Amino acid sequence: MTDAPMDHAETANGIARAWLTEMEACVRAEDYARCRAIFAADVVGFGTRTAIAVGLDALEHDQWRHIWGRIRGYTFLTDELSCARYGDGLWLGCPWISEGRGPDGDWRRRPGRMTAVLERRDGRWLAVHTHHSVVPDPAAQPRGYG
């Protein structure tokens, strides 16, 4: 069985960077409606706030709305982006940084990482799976971890 030839007009890196740029802008502006446009209705997401969100409504309600208004400076570190195309899909992994309030109320660095699976649907690249999480605190890891 042979696959149809892959469309090389769009590179994996270009698609991933464009998608990440849009996601970053949405988070910074707390623009939930705009961000929904780059996600599939049947997305499944994992996050720092929710273990699993099935569907776009759940992802917005259970993850985004609990995080975006409490952080600042959300930025993808696209120089560290890893990604690849596969047929009509693309996977990406990219670290990000932001700041959040610590227990003392002061802003603190909040590094994280994201993985996403995008599919081309009706000519648009939509996230069908995402996983956002903060980088684990090395001091909180059990001995011998990693």
# chains A, B, ... in the order shown; residues from 1 in each chain; ligands from 1
$ residues_around --residues "Arg108 (chain A)" --least-positions-apart "5" --cutoff "12 Å" --atoms "only C-alpha atoms" --output "list in words"
Arg70, Ile71, Arg72, Gly73, Ile97, Ser98, Glu99, Gly100, Arg101, Gly102 and Pro103 of chain A
$ residues_around --residues "Thr50 (chain A)" --least-positions-apart "5" --cutoff "9 Å" --atoms "only C-alpha atoms" --output "list in words"
Gly45, Leu59, Asp62 and Gln63 of chain A
$ atom_distance --atom1 "CA of Tyr32 (chain A)" --atom2 "CA of Cys83 (chain A)"
24.9 Å
$ select_by_dssp --residues "region 20-137 of chain A" --states "helix (DSSP H, G or I)" --output "number ranges by chain"
A: 20-29, 32-36, 56-70, 78-80
$ select_by_dssp --residues "region 37-83 of chain A" --states "strand (DSSP E or B)" --output "ChimeraX atom specification"
/A:39-46,53-54,71-76,82-83
$ residues_around --residues "Phe46 (chain A)" --least-positions-apart "2" --cutoff "10 Å" --atoms "only C-alpha atoms" --output "NGL selection string"
:A and (44 or 48-54 or 59 or 63 or 114-115 or 129-133)
$ closest_residue --among "A:Asp31, A:Glu22, A:Gly55, A:Val43" --to "Ala116 (chain A)" --atoms "only C-alpha atoms"
A:Val43
$ residues_around --residues "Trp96 (chain A)" --least-positions-apart "4" --cutoff "8 Å" --atoms "only C-alpha atoms" --output "ChimeraX atom specification"
/A:74-77,111-114
$ write_last_selection --atoms "N, CA and C atoms" --output "short mmCIF file (atom, residue, chain, number, x, y, z; two decimals), in the first residue's frame"
data_model
loop_
_atom_site.label_atom_id
_atom_site.label_comp_id
_atom_site.auth_asym_id
_atom_site.auth_seq_id
_atom_site.Cartn_x
_atom_site.Cartn_y
_atom_site.Cartn_z
N TYR A 74 3.48 34.69 28.63
CA TYR A 74 3.49 33.35 28.03
C TYR A 74 4.19 33.41 26.67
N THR A 75 5.28 32.64 26.55
CA THR A 75 6.11 32.69 25.34
C THR A 75 6.61 31.30 24.99
N PHE A 76 6.37 30.86 23.76
CA PHE A 76 6.94 29.61 23.28
C PHE A 76 8.39 29.85 22.91
N LEU A 77 9.26 28.94 23.29
CA LEU A 77 10.69 29.01 22.96
C LEU A 77 10.91 28.27 21.65
N PRO A 111 8.33 27.82 34.01
CA PRO A 111 8.66 27.16 32.74
C PRO A 111 7.79 25.94 32.52
N GLY A 112 7.56 25.63 31.26
CA GLY A 112 6.75 24.47 30.94
C GLY A 112 7.10 23.91 29.58
N ARG A 113 6.27 22.96 29.16
CA ARG A 113 6.48 22.32 27.85
C ARG A 113 5.12 21.94 27.30
N MET A 114 5.07 21.84 25.98
CA MET A 114 3.83 21.50 25.31
C MET A 114 4.12 20.50 24.20
#
$ residues_around --residues "Trp68 (chain A)" --least-positions-apart "5" --cutoff "8 Å" --atoms "only C-alpha atoms" --output "ChimeraX atom specification"
/A:27-28,30
$ residues_around --residues "Arg120 (chain A)" --least-positions-apart "4" --cutoff "8 Å" --atoms "only C-alpha atoms" --output "PDB file with C-alpha atoms, in the first residue's frame"
ATOM      1  CA  ASP A  88      -2.083  15.092   6.870  1.00  0.00           C
ATOM      2  CA  GLY A  89      -0.755  15.443  10.400  1.00  0.00           C
ATOM      3  CA  ARG A 124      -6.675  24.416   8.252  1.00  0.00           C
ATOM      4  CA  TRP A 125      -4.227  23.048  10.807  1.00  0.00           C
ATOM      5  CA  LEU A 126      -6.160  22.195  13.987  1.00  0.00           C
TER       6      LEU A 126
END
$ closest_residue --among "A:Leu81, A:Arg121, A:Arg109, A:Asn13" --to "Val135 (chain A)" --atoms "only C-alpha atoms"
A:Arg109
$ closest_residue --among "A:Glu80, A:Ala25, A:Ala12, A:Ala41" --to "Pro95 (chain A)" --atoms "only C-alpha atoms"
A:Glu80
